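Here is the structure we will look at, set down as structure tokens.
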Amino acid sequence: MNDEQAYQRLEQTFNRIKLERMKGIPVLNNRLGVKAIGFQQWNDFQLGILITPWFMNLILLPDDVTSISRLKTGDSQTHVFPSGAYDFIVGYEDELGPYLNCSLFSPMFE
């Protein structure tokens, strides 16, 4: 799978979550859609931002899922960037496998 397919799969997965798991939940800003933006290579990950109607998160998609396979959903892993250290939480979706996310903004009312 190429990078563009991975970003499309990320968007499709979170659109499904919006329609199924998030349906009717009051934290949704229905003026927003789901969009993966700005992804680029960073160490052994693709780093970018995922915008949804309920959050905006930094996302790390591993180039090789075995690099984070020892971590469990909900575990935390710190990554150091030029602006400082950020804690990422391990997430998992069947369509994506494991990924890391760091909250930037939630809820997305503004």
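Labels for the structure tokens follow display order: chains A, B, ..., residues from 1 in each chain, ligands from 1.
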Non-local contacts of stretch 30-34 of chain A (7 Å; only C-alpha atoms; under 2 positions in same chain excluded) as a compact mmCIF listing (two decimals) with N, CA, C and O atoms, in the first residue's frame:
# COMPACT_ATOMS: atom_id res chain seq x y z
N GLU A 11 -8.78 8.19 6.47
CA GLU A 11 -10.00 8.99 6.35
C GLU A 11 -11.24 8.12 6.30
O GLU A 11 -12.24 8.42 6.97
N PHE A 14 -12.04 6.74 9.85
CA PHE A 14 -12.62 7.71 10.79
C PHE A 14 -13.97 8.25 10.30
O PHE A 14 -14.79 8.65 11.11
N ASN A 15 -14.23 8.21 9.00
CA ASN A 15 -15.58 8.51 8.52
C ASN A 15 -16.55 7.43 8.99
O ASN A 15 -17.68 7.73 9.39
N LEU A 28 -19.74 16.34 18.47
CA LEU A 28 -19.47 16.46 17.03
C LEU A 28 -19.77 17.86 16.52
O LEU A 28 -20.81 18.43 16.82
N ILE A 51 -7.95 15.56 11.10
CA ILE A 51 -9.04 16.42 11.56
C ILE A 51 -10.33 15.62 11.44
O ILE A 51 -10.60 15.00 10.40
N THR A 52 -11.10 15.62 12.50
CA THR A 52 -12.42 14.99 12.51
C THR A 52 -13.41 15.99 13.13
O THR A 52 -12.98 17.00 13.69
N PRO A 53 -14.69 15.71 13.09
CA PRO A 53 -15.65 16.59 13.75
C PRO A 53 -15.55 16.58 15.27
O PRO A 53 -16.23 17.35 15.94
All residues 12 Å or closer to A:Gln40, only C-alpha atoms, same chain fewer than 5 positions away omitted, as JSON, numbers by chain: {"A": [3, 4, 7, 45, 46, 47, 48, 49, 58, 59, 60, 61, 62, 63]}
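Proximity to A:Pro98 was assessed for A:Ser83, A:Ser69, A:Thr78, A:Gln5 counting only C-alpha atoms; the smallest distance is recorded for A:Ser69.
Interatomic distance, atom CA of A:Lys72 to atom CA of A:Phe55: 21.7 Å.
Separating atom CA of A:Ile68 from atom CA of A:Glu93 is a distance of 14.0 Å.
As for atom CA of A:Met108 and atom CA of A:Pro26, they are spaced 10.9 Å apart.
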Secondary structure check, helix (DSSP H, G or I) residues of chain A, as a PDB file with N, CA and C atoms, in the first residue's frame:
ATOM      1  N   ASP A   3       1.568   5.514   0.266  1.00  0.00           N
ATOM      2  CA  ASP A   3       1.195   6.501   1.279  1.00  0.00           C
ATOM      3  C   ASP A   3      -0.209   7.062   1.042  1.00  0.00           C
ATOM      4  N   GLU A   4      -0.529   7.384  -0.201  1.00  0.00           N
ATOM      5  CA  GLU A   4      -1.842   7.966  -0.500  1.00  0.00           C
ATOM      6  C   GLU A   4      -2.960   6.995  -0.133  1.00  0.00           C
ATOM      7  N   GLN A   5      -2.764   5.724  -0.385  1.00  0.00           N
ATOM      8  CA  GLN A   5      -3.765   4.727  -0.003  1.00  0.00           C
ATOM      9  C   GLN A   5      -3.904   4.663   1.521  1.00  0.00           C
ATOM     10  N   ALA A   6      -2.788   4.798   2.239  1.00  0.00           N
ATOM     11  CA  ALA A   6      -2.835   4.778   3.710  1.00  0.00           C
ATOM     12  C   ALA A   6      -3.633   5.959   4.237  1.00  0.00           C
ATOM     13  N   TYR A   7      -3.459   7.143   3.656  1.00  0.00           N
ATOM     14  CA  TYR A   7      -4.189   8.324   4.121  1.00  0.00           C
ATOM     15  C   TYR A   7      -5.674   8.188   3.788  1.00  0.00           C
ATOM     16  N   GLN A   8      -5.979   7.642   2.619  1.00  0.00           N
ATOM     17  CA  GLN A   8      -7.380   7.418   2.258  1.00  0.00           C
ATOM     18  C   GLN A   8      -8.018   6.408   3.208  1.00  0.00           C
ATOM     19  N   ARG A   9      -7.281   5.370   3.567  1.00  0.00           N
ATOM     20  CA  ARG A   9      -7.798   4.371   4.504  1.00  0.00           C
ATOM     21  C   ARG A   9      -8.021   5.007   5.880  1.00  0.00           C
ATOM     22  N   LEU A  10      -7.118   5.893   6.300  1.00  0.00           N
ATOM     23  CA  LEU A  10      -7.277   6.615   7.565  1.00  0.00           C
ATOM     24  C   LEU A  10      -8.563   7.437   7.547  1.00  0.00           C
ATOM     25  N   GLU A  11      -8.784   8.190   6.468  1.00  0.00           N
ATOM     26  CA  GLU A  11      -9.996   8.994   6.345  1.00  0.00           C
ATOM     27  C   GLU A  11     -11.244   8.118   6.299  1.00  0.00           C
ATOM     28  N   GLN A  12     -11.219   7.047   5.538  1.00  0.00           N
ATOM     29  CA  GLN A  12     -12.371   6.144   5.446  1.00  0.00           C
ATOM     30  C   GLN A  12     -12.694   5.540   6.806  1.00  0.00           C
ATOM     31  N   THR A  13     -11.662   5.133   7.540  1.00  0.00           N
ATOM     32  CA  THR A  13     -11.867   4.526   8.857  1.00  0.00           C
ATOM     33  C   THR A  13     -12.544   5.506   9.805  1.00  0.00           C
ATOM     34  N   PHE A  14     -12.043   6.745   9.852  1.00  0.00           N
ATOM     35  CA  PHE A  14     -12.622   7.706  10.787  1.00  0.00           C
ATOM     36  C   PHE A  14     -13.968   8.246  10.298  1.00  0.00           C
ATOM     37  N   ASN A  15     -14.230   8.211   8.999  1.00  0.00           N
ATOM     38  CA  ASN A  15     -15.585   8.513   8.525  1.00  0.00           C
ATOM     39  C   ASN A  15     -16.553   7.432   8.989  1.00  0.00           C
ATOM     40  N   ARG A  16     -16.130   6.175   8.954  1.00  0.00           N
ATOM     41  CA  ARG A  16     -16.969   5.083   9.447  1.00  0.00           C
ATOM     42  C   ARG A  16     -17.221   5.248  10.948  1.00  0.00           C
ATOM     43  N   ILE A  17     -16.171   5.593  11.701  1.00  0.00           N
ATOM     44  CA  ILE A  17     -16.330   5.820  13.142  1.00  0.00           C
ATOM     45  C   ILE A  17     -17.330   6.945  13.391  1.00  0.00           C
ATOM     46  N   LYS A  18     -17.233   8.011  12.587  1.00  0.00           N
ATOM     47  CA  LYS A  18     -18.173   9.130  12.721  1.00  0.00           C
ATOM     48  C   LYS A  18     -19.617   8.661  12.525  1.00  0.00           C
ATOM     49  N   LEU A  19     -19.838   7.857  11.509  1.00  0.00           N
ATOM     50  CA  LEU A  19     -21.196   7.409  11.185  1.00  0.00           C
ATOM     51  C   LEU A  19     -21.724   6.346  12.141  1.00  0.00           C
ATOM     52  N   GLU A  20     -20.831   5.523  12.689  1.00  0.00           N
ATOM     53  CA  GLU A  20     -21.278   4.413  13.535  1.00  0.00           C
ATOM     54  C   GLU A  20     -21.127   4.727  15.023  1.00  0.00           C
ATOM     55  N   VAL A  65       4.552  -2.015  11.220  1.00  0.00           N
ATOM     56  CA  VAL A  65       3.749  -2.134  12.432  1.00  0.00           C
ATOM     57  C   VAL A  65       4.445  -2.931  13.526  1.00  0.00           C
ATOM     58  N   THR A  66       5.443  -3.715  13.186  1.00  0.00           N
ATOM     59  CA  THR A  66       6.150  -4.456  14.233  1.00  0.00           C
ATOM     60  C   THR A  66       6.906  -3.518  15.164  1.00  0.00           C
ATOM     61  N   SER A  67       7.168  -2.283  14.707  1.00  0.00           N
ATOM     62  CA  SER A  67       7.894  -1.327  15.548  1.00  0.00           C
ATOM     63  C   SER A  67       7.081  -0.906  16.771  1.00  0.00           C
TER      64      SER A  67
END
